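S.K.: Input run.cif, format and content: mmCIF, N, CA and C atoms.
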```
data_coords
loop_
_atom_site.label_atom_id
_atom_site.label_comp_id
_atom_site.auth_asym_id
_atom_site.auth_seq_id
_atom_site.Cartn_x
_atom_site.Cartn_y
_atom_site.Cartn_z
N MET G 1148 3.56 -24.40 -12.70
CA MET G 1148 4.27 -24.16 -11.47
C MET G 1148 5.29 -23.03 -11.72
N ILE G 1149 5.32 -22.08 -10.81
CA ILE G 1149 6.24 -20.96 -10.98
C ILE G 1149 7.45 -21.05 -10.06
N ALA G 1150 7.32 -21.74 -8.94
CA ALA G 1150 8.44 -21.93 -8.02
C ALA G 1150 8.09 -23.07 -7.08
N ARG G 1151 9.13 -23.70 -6.59
CA ARG G 1151 8.92 -24.81 -5.68
C ARG G 1151 9.93 -24.71 -4.55
N GLY G 1152 9.47 -24.97 -3.35
CA GLY G 1152 10.37 -24.98 -2.21
C GLY G 1152 9.62 -24.75 -0.91
N ALA G 1153 10.34 -24.90 0.18
CA ALA G 1153 9.78 -24.61 1.49
C ALA G 1153 9.52 -23.11 1.59
N PRO G 1154 8.50 -22.71 2.35
CA PRO G 1154 8.19 -21.28 2.44
C PRO G 1154 9.39 -20.41 2.80
N ARG G 1155 10.17 -20.78 3.80
CA ARG G 1155 11.32 -19.97 4.20
C ARG G 1155 12.32 -19.85 3.06
N ALA G 1156 12.55 -20.94 2.32
CA ALA G 1156 13.49 -20.90 1.19
C ALA G 1156 12.97 -20.00 0.08
N LEU G 1157 11.68 -20.04 -0.20
CA LEU G 1157 11.10 -19.17 -1.22
C LEU G 1157 11.25 -17.71 -0.83
N LEU G 1158 11.00 -17.40 0.44
CA LEU G 1158 11.16 -16.02 0.91
C LEU G 1158 12.61 -15.57 0.76
N GLU G 1159 13.54 -16.38 1.25
CA GLU G 1159 14.96 -16.01 1.18
C GLU G 1159 15.42 -15.82 -0.27
N THR G 1160 14.98 -16.70 -1.15
CA THR G 1160 15.41 -16.65 -2.54
C THR G 1160 14.84 -15.45 -3.30
N HIS G 1161 13.59 -15.14 -3.06
CA HIS G 1161 12.91 -14.16 -3.90
C HIS G 1161 12.64 -12.80 -3.25
N ALA G 1162 12.33 -12.76 -1.97
CA ALA G 1162 11.89 -11.50 -1.35
C ALA G 1162 12.76 -11.04 -0.19
N GLY G 1163 13.62 -11.89 0.32
CA GLY G 1163 14.38 -11.53 1.51
C GLY G 1163 13.55 -11.71 2.76
N ARG G 1164 14.07 -11.23 3.88
CA ARG G 1164 13.38 -11.41 5.16
C ARG G 1164 12.50 -10.23 5.55
N ARG G 1165 12.90 -9.01 5.17
CA ARG G 1165 12.20 -7.81 5.62
C ARG G 1165 11.85 -6.93 4.43
N ALA G 1166 10.79 -6.16 4.60
CA ALA G 1166 10.38 -5.16 3.61
C ALA G 1166 10.16 -3.84 4.34
N LEU G 1167 10.42 -2.76 3.65
CA LEU G 1167 10.06 -1.43 4.14
C LEU G 1167 8.93 -0.93 3.25
N GLU G 1168 7.84 -0.56 3.88
CA GLU G 1168 6.66 -0.11 3.15
C GLU G 1168 6.51 1.40 3.33
N TYR G 1169 6.35 2.09 2.19
CA TYR G 1169 6.25 3.54 2.18
C TYR G 1169 4.89 3.97 1.67
N PHE G 1170 4.31 4.96 2.33
CA PHE G 1170 3.04 5.54 1.95
C PHE G 1170 3.28 6.99 1.56
N GLY G 1171 2.48 7.48 0.63
CA GLY G 1171 2.62 8.88 0.23
C GLY G 1171 1.97 9.13 -1.11
N PRO G 1172 2.17 10.33 -1.65
CA PRO G 1172 1.61 10.66 -2.95
C PRO G 1172 2.23 9.77 -4.03
N PRO G 1173 1.49 9.52 -5.10
CA PRO G 1173 2.00 8.65 -6.17
C PRO G 1173 3.36 9.06 -6.71
N GLU G 1174 3.63 10.37 -6.80
CA GLU G 1174 4.91 10.83 -7.32
C GLU G 1174 6.06 10.39 -6.41
N ARG G 1175 5.86 10.52 -5.11
CA ARG G 1175 6.90 10.12 -4.15
C ARG G 1175 7.12 8.61 -4.19
N LEU G 1176 6.03 7.85 -4.29
CA LEU G 1176 6.16 6.39 -4.36
C LEU G 1176 6.91 5.98 -5.62
N SER G 1177 6.67 6.67 -6.72
CA SER G 1177 7.40 6.38 -7.96
C SER G 1177 8.89 6.68 -7.81
N GLU G 1178 9.21 7.77 -7.10
CA GLU G 1178 10.62 8.11 -6.86
C GLU G 1178 11.31 7.03 -6.03
N ILE G 1179 10.66 6.59 -4.96
CA ILE G 1179 11.23 5.55 -4.11
C ILE G 1179 11.40 4.26 -4.90
N GLU G 1180 10.37 3.91 -5.66
CA GLU G 1180 10.41 2.68 -6.48
C GLU G 1180 11.57 2.72 -7.47
N ALA G 1181 11.73 3.83 -8.16
CA ALA G 1181 12.81 3.95 -9.15
C ALA G 1181 14.18 3.90 -8.48
N ALA G 1182 14.34 4.60 -7.37
CA ALA G 1182 15.62 4.60 -6.67
C ALA G 1182 15.96 3.21 -6.14
N ALA G 1183 14.97 2.53 -5.56
CA ALA G 1183 15.22 1.19 -5.02
C ALA G 1183 15.59 0.22 -6.14
N ARG G 1184 14.87 0.28 -7.24
CA ARG G 1184 15.20 -0.61 -8.37
C ARG G 1184 16.57 -0.27 -8.94
N GLY G 1185 16.90 1.02 -8.96
CA GLY G 1185 18.22 1.43 -9.42
C GLY G 1185 19.33 0.89 -8.53
N ASP G 1186 19.02 0.67 -7.25
CA ASP G 1186 19.97 0.09 -6.31
C ASP G 1186 19.95 -1.43 -6.33
N GLY G 1187 19.09 -2.01 -7.20
CA GLY G 1187 19.04 -3.47 -7.31
C GLY G 1187 18.03 -4.15 -6.41
N HIS G 1188 17.09 -3.39 -5.83
CA HIS G 1188 16.09 -3.97 -4.95
C HIS G 1188 14.76 -4.15 -5.67
N ALA G 1189 14.14 -5.28 -5.45
CA ALA G 1189 12.79 -5.50 -5.98
C ALA G 1189 11.82 -4.65 -5.18
N THR G 1190 10.76 -4.21 -5.84
CA THR G 1190 9.71 -3.44 -5.18
C THR G 1190 8.37 -4.06 -5.50
N ARG G 1191 7.39 -3.68 -4.69
CA ARG G 1191 6.03 -4.18 -4.91
C ARG G 1191 5.06 -3.07 -4.55
N ARG G 1192 4.19 -2.73 -5.51
CA ARG G 1192 3.13 -1.74 -5.25
C ARG G 1192 1.97 -2.46 -4.57
N THR G 1193 1.46 -1.85 -3.52
CA THR G 1193 0.34 -2.42 -2.79
C THR G 1193 -0.68 -1.32 -2.52
N GLY G 1194 -1.46 -0.99 -3.52
CA GLY G 1194 -2.44 0.08 -3.36
C GLY G 1194 -1.75 1.42 -3.14
N PRO G 1195 -1.96 2.05 -1.97
CA PRO G 1195 -1.40 3.38 -1.72
C PRO G 1195 0.04 3.36 -1.20
N SER G 1196 0.75 2.24 -1.42
CA SER G 1196 2.11 2.16 -0.90
C SER G 1196 3.02 1.43 -1.88
N VAL G 1197 4.32 1.53 -1.60
CA VAL G 1197 5.30 0.73 -2.32
C VAL G 1197 6.17 0.06 -1.27
N SER G 1198 6.44 -1.22 -1.46
CA SER G 1198 7.30 -1.96 -0.55
C SER G 1198 8.64 -2.20 -1.21
N VAL G 1199 9.71 -1.94 -0.47
CA VAL G 1199 11.06 -2.24 -0.93
C VAL G 1199 11.46 -3.54 -0.25
N LEU G 1200 11.69 -4.57 -1.06
CA LEU G 1200 12.00 -5.88 -0.52
C LEU G 1200 13.49 -6.03 -0.24
N ARG G 1201 13.83 -7.03 0.53
CA ARG G 1201 15.22 -7.25 1.00
C ARG G 1201 15.72 -6.03 1.76
N ALA G 1202 14.84 -5.46 2.57
CA ALA G 1202 15.19 -4.25 3.32
C ALA G 1202 16.38 -4.48 4.25
N GLU G 1203 16.60 -5.72 4.63
CA GLU G 1203 17.73 -6.01 5.52
C GLU G 1203 19.07 -5.73 4.84
N THR G 1204 19.07 -5.57 3.52
CA THR G 1204 20.31 -5.30 2.79
C THR G 1204 20.44 -3.83 2.35
N LEU G 1205 19.46 -3.00 2.69
CA LEU G 1205 19.56 -1.58 2.34
C LEU G 1205 20.69 -0.92 3.12
N THR G 1206 21.43 -0.08 2.47
CA THR G 1206 22.49 0.66 3.14
C THR G 1206 21.87 1.78 3.98
N PRO G 1207 22.58 2.25 4.98
CA PRO G 1207 22.07 3.39 5.75
C PRO G 1207 21.79 4.61 4.85
N ALA G 1208 22.61 4.81 3.82
CA ALA G 1208 22.39 5.93 2.91
C ALA G 1208 21.07 5.77 2.15
N ALA G 1209 20.78 4.55 1.70
CA ALA G 1209 19.52 4.32 0.99
C ALA G 1209 18.34 4.52 1.92
N ARG G 1210 18.44 4.02 3.14
CA ARG G 1210 17.35 4.21 4.11
C ARG G 1210 17.11 5.70 4.35
N ALA G 1211 18.18 6.47 4.47
CA ALA G 1211 18.04 7.91 4.69
C ALA G 1211 17.42 8.59 3.48
N ARG G 1212 17.82 8.16 2.27
CA ARG G 1212 17.29 8.74 1.04
C ARG G 1212 15.81 8.47 0.88
N PHE G 1213 15.37 7.26 1.25
CA PHE G 1213 13.96 6.89 1.10
C PHE G 1213 13.08 7.48 2.20
N GLY G 1214 13.65 7.77 3.36
CA GLY G 1214 12.88 8.28 4.49
C GLY G 1214 12.33 7.16 5.35
N ASP G 1215 11.45 7.52 6.26
CA ASP G 1215 10.89 6.55 7.19
C ASP G 1215 9.87 5.66 6.50
N GLY G 1216 10.04 4.37 6.68
CA GLY G 1216 9.10 3.40 6.16
C GLY G 1216 8.68 2.47 7.27
N ALA G 1217 7.57 1.80 7.08
CA ALA G 1217 7.08 0.82 8.05
C ALA G 1217 7.72 -0.53 7.74
N GLU G 1218 8.52 -1.03 8.67
CA GLU G 1218 9.20 -2.30 8.44
C GLU G 1218 8.26 -3.45 8.75
N ARG G 1219 8.31 -4.48 7.91
CA ARG G 1219 7.48 -5.67 8.11
C ARG G 1219 8.22 -6.89 7.58
N ALA G 1220 7.77 -8.04 8.00
CA ALA G 1220 8.30 -9.29 7.46
C ALA G 1220 7.76 -9.48 6.05
N THR G 1221 8.55 -10.06 5.18
CA THR G 1221 8.05 -10.39 3.84
C THR G 1221 7.11 -11.59 3.96
N THR G 1222 6.28 -11.76 2.94
CA THR G 1222 5.28 -12.83 2.95
C THR G 1222 5.35 -13.62 1.65
N LEU G 1223 4.67 -14.74 1.65
CA LEU G 1223 4.59 -15.52 0.42
C LEU G 1223 3.81 -14.77 -0.65
N GLU G 1224 2.95 -13.86 -0.25
CA GLU G 1224 2.26 -13.00 -1.24
C GLU G 1224 3.28 -12.13 -1.98
N ASP G 1225 4.28 -11.63 -1.27
CA ASP G 1225 5.35 -10.86 -1.94
C ASP G 1225 6.04 -11.73 -2.99
N VAL G 1226 6.35 -12.96 -2.63
CA VAL G 1226 7.01 -13.89 -3.56
C VAL G 1226 6.12 -14.12 -4.77
N PHE G 1227 4.84 -14.41 -4.54
CA PHE G 1227 3.91 -14.70 -5.63
C PHE G 1227 3.83 -13.52 -6.60
N VAL G 1228 3.67 -12.31 -6.07
CA VAL G 1228 3.55 -11.13 -6.93
C VAL G 1228 4.86 -10.88 -7.69
N LEU G 1229 5.99 -11.07 -7.04
CA LEU G 1229 7.27 -10.90 -7.74
C LEU G 1229 7.39 -11.88 -8.91
N LEU G 1230 6.94 -13.10 -8.71
CA LEU G 1230 7.10 -14.12 -9.74
C LEU G 1230 6.05 -14.04 -10.84
N THR G 1231 4.87 -13.52 -10.52
CA THR G 1231 3.79 -13.50 -11.51
C THR G 1231 3.50 -12.13 -12.08
N GLY G 1232 3.96 -11.08 -11.43
CA GLY G 1232 3.70 -9.73 -11.91
C GLY G 1232 2.62 -9.03 -11.11
N GLU G 1233 2.58 -7.73 -11.24
CA GLU G 1233 1.64 -6.91 -10.46
C GLU G 1233 0.33 -6.63 -11.17
N SER G 1234 0.25 -6.96 -12.44
CA SER G 1234 -0.99 -6.67 -13.17
C SER G 1234 -1.40 -7.86 -14.02
N VAL G 1235 -2.66 -7.90 -14.33
CA VAL G 1235 -3.23 -8.95 -15.16
C VAL G 1235 -3.46 -8.39 -16.54
N GLU G 1236 -3.00 -9.10 -17.54
CA GLU G 1236 -3.21 -8.61 -18.92
C GLU G 1236 -4.10 -9.54 -19.68
#
```
Could you show the structure in this file as structure tokens?

M.R.:
Amino acid sequence: MIARGAPRALLETHAGRRALEYFGPPERLSEIEAAARGDGHATRRTGPSVSVLRAETLTPAARARFGDGAERATTLEDVFVLLTGESVE
């Protein structure tokens, strides 16, 4: 078992309520990922995009620095990937 709780509690504890998803060239996604992590935000790679979690806590300056992203609700999949990792070894 990696975590236990009601779905809403798991989301609040691990991923927050909202995510901003960014699409673009790999170099740009790496820049956004590094900047978001430097600001203390968890990120998640999803194929051709990177999601910045806890988007509801991003400052206006961070949002401006990252550019336009597609806002979405976080999911239990976000929680699972955060807790287990993005790759299989």

S.K.: List, as a ChimeraX atom specification, every residue that the PyMOL selection byres (((chain G and resi 1193 and name CA) around 10) and name CA) selects in the file provided.

M.R.: /G:1168-1170,1190-1192,1194-1198,1225,1233

S.K.: Assuming the chain letters and numbering stay as they are in my file, what does the PyMOL selection byres (((chain G and resi 1215 and name CA) around 10) and name CA) actually select? List them as a CSV table (one decimal) with N, CA and C atoms, in the coordinates of the input.

M.R.:
```csv
chain,number,residue,atom,x,y,z
G,1167,LEU,N,10.4,-2.8,3.6
G,1167,LEU,CA,10.1,-1.4,4.1
G,1167,LEU,C,8.9,-0.9,3.2
G,1168,GLU,N,7.8,-0.6,3.9
G,1168,GLU,CA,6.7,-0.1,3.2
G,1168,GLU,C,6.5,1.4,3.3
G,1169,TYR,N,6.4,2.1,2.2
G,1169,TYR,CA,6.2,3.5,2.2
G,1169,TYR,C,4.9,4.0,1.7
G,1170,PHE,N,4.3,5.0,2.3
G,1170,PHE,CA,3.0,5.5,2.0
G,1170,PHE,C,3.3,7.0,1.6
G,1210,ARG,N,18.4,4.0,3.1
G,1210,ARG,CA,17.4,4.2,4.1
G,1210,ARG,C,17.1,5.7,4.4
G,1211,ALA,N,18.2,6.5,4.5
G,1211,ALA,CA,18.0,7.9,4.7
G,1211,ALA,C,17.4,8.6,3.5
G,1212,ARG,N,17.8,8.2,2.3
G,1212,ARG,CA,17.3,8.7,1.0
G,1212,ARG,C,15.8,8.5,0.9
G,1213,PHE,N,15.4,7.3,1.2
G,1213,PHE,CA,14.0,6.9,1.1
G,1213,PHE,C,13.1,7.5,2.2
G,1214,GLY,N,13.6,7.8,3.4
G,1214,GLY,CA,12.9,8.3,4.5
G,1214,GLY,C,12.3,7.2,5.4
G,1216,GLY,N,10.0,4.4,6.7
G,1216,GLY,CA,9.1,3.4,6.2
G,1216,GLY,C,8.7,2.5,7.3
G,1217,ALA,N,7.6,1.8,7.1
G,1217,ALA,CA,7.1,0.8,8.0
G,1217,ALA,C,7.7,-0.5,7.7
G,1218,GLU,N,8.5,-1.0,8.7
G,1218,GLU,CA,9.2,-2.3,8.4
G,1218,GLU,C,8.3,-3.4,8.8
```

S.K.: So, counting only C-alpha atoms, which residue among G:Gly1232, G:Ala1166, G:Val1226, G:Arg1201 is closest to Ala1150 (chain G)?

M.R.: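 Closest residue, counting only C-alpha atoms: G:Val1226.
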
S.K.: Determine which residues of chain G DSSP labels as strand (DSSP E or B) from the backbone of this structure, then write them out as number ranges by chain.

M.R.: G: 1165-1170, 1190-1192, 1196-1200, 1217-1220

S.K.: Create the file for the chosen residues now, containing N, CA and C atoms and written as a JSON list (two decimals), in the frame of the given file.

M.R.:
```json
[["chain", "number", "residue", "atom", "x", "y", "z"],
["G", 1165, "ARG", "N", 12.90, -9.01, 5.17],
["G", 1165, "ARG", "CA", 12.20, -7.81, 5.62],
["G", 1165, "ARG", "C", 11.85, -6.93, 4.43],
["G", 1166, "ALA", "N", 10.79, -6.16, 4.60],
["G", 1166, "ALA", "CA", 10.38, -5.16, 3.61],
["G", 1166, "ALA", "C", 10.16, -3.84, 4.34],
["G", 1167, "LEU", "N", 10.42, -2.76, 3.65],
["G", 1167, "LEU", "CA", 10.06, -1.43, 4.14],
["G", 1167, "LEU", "C", 8.93, -0.93, 3.25],
["G", 1168, "GLU", "N", 7.84, -0.56, 3.88],
["G", 1168, "GLU", "CA", 6.66, -0.11, 3.15],
["G", 1168, "GLU", "C", 6.51, 1.40, 3.33],
["G", 1169, "TYR", "N", 6.35, 2.09, 2.19],
["G", 1169, "TYR", "CA", 6.25, 3.54, 2.18],
["G", 1169, "TYR", "C", 4.89, 3.97, 1.67],
["G", 1170, "PHE", "N", 4.31, 4.96, 2.33],
["G", 1170, "PHE", "CA", 3.04, 5.54, 1.95],
["G", 1170, "PHE", "C", 3.28, 6.99, 1.56],
["G", 1190, "THR", "N", 10.76, -4.21, -5.84],
["G", 1190, "THR", "CA", 9.71, -3.44, -5.18],
["G", 1190, "THR", "C", 8.37, -4.06, -5.50],
["G", 1191, "ARG", "N", 7.39, -3.68, -4.69],
["G", 1191, "ARG", "CA", 6.03, -4.18, -4.91],
["G", 1191, "ARG", "C", 5.06, -3.07, -4.55],
["G", 1192, "ARG", "N", 4.19, -2.73, -5.51],
["G", 1192, "ARG", "CA", 3.13, -1.74, -5.25],
["G", 1192, "ARG", "C", 1.97, -2.46, -4.57],
["G", 1196, "SER", "N", 0.75, 2.24, -1.42],
["G", 1196, "SER", "CA", 2.11, 2.16, -0.90],
["G", 1196, "SER", "C", 3.02, 1.43, -1.88],
["G", 1197, "VAL", "N", 4.32, 1.53, -1.60],
["G", 1197, "VAL", "CA", 5.30, 0.73, -2.32],
["G", 1197, "VAL", "C", 6.17, 0.06, -1.27],
["G", 1198, "SER", "N", 6.44, -1.22, -1.46],
["G", 1198, "SER", "CA", 7.30, -1.96, -0.55],
["G", 1198, "SER", "C", 8.64, -2.20, -1.21],
["G", 1199, "VAL", "N", 9.71, -1.94, -0.47],
["G", 1199, "VAL", "CA", 11.06, -2.24, -0.93],
["G", 1199, "VAL", "C", 11.46, -3.54, -0.25],
["G", 1200, "LEU", "N", 11.69, -4.57, -1.06],
["G", 1200, "LEU", "CA", 12.00, -5.88, -0.52],
["G", 1200, "LEU", "C", 13.49, -6.03, -0.24],
["G", 1217, "ALA", "N", 7.57, 1.80, 7.08],
["G", 1217, "ALA", "CA", 7.08, 0.82, 8.05],
["G", 1217, "ALA", "C", 7.72, -0.53, 7.74],
["G", 1218, "GLU", "N", 8.52, -1.03, 8.67],
["G", 1218, "GLU", "CA", 9.20, -2.30, 8.44],
["G", 1218, "GLU", "C", 8.26, -3.45, 8.75],
["G", 1219, "ARG", "N", 8.31, -4.48, 7.91],
["G", 1219, "ARG", "CA", 7.48, -5.67, 8.11],
["G", 1219, "ARG", "C", 8.22, -6.89, 7.58],
["G", 1220, "ALA", "N", 7.77, -8.04, 8.00],
["G", 1220, "ALA", "CA", 8.30, -9.29, 7.46],
["G", 1220, "ALA", "C", 7.76, -9.48, 6.05]]
```

S.K.: Would you compute the distance between CA of Glu1178 (chain G) and CA of Leu1205 (chain G)? Give it in Å to one decimal.

M.R.: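 For CA of Glu1178 (chain G) relative to CA of Leu1205 (chain G), the distance reads 16.1 Å.
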
S.K.: Take the PyMOL selection byres (((chain G and resi 1152-1154 and name CA) around 12) and name CA), run it mentally on this structure, and tell me the resulting residues as a VMD selection string.

M.R.: chain G and resid 1148 to 1151 1155 to 1164 1221 to 1227
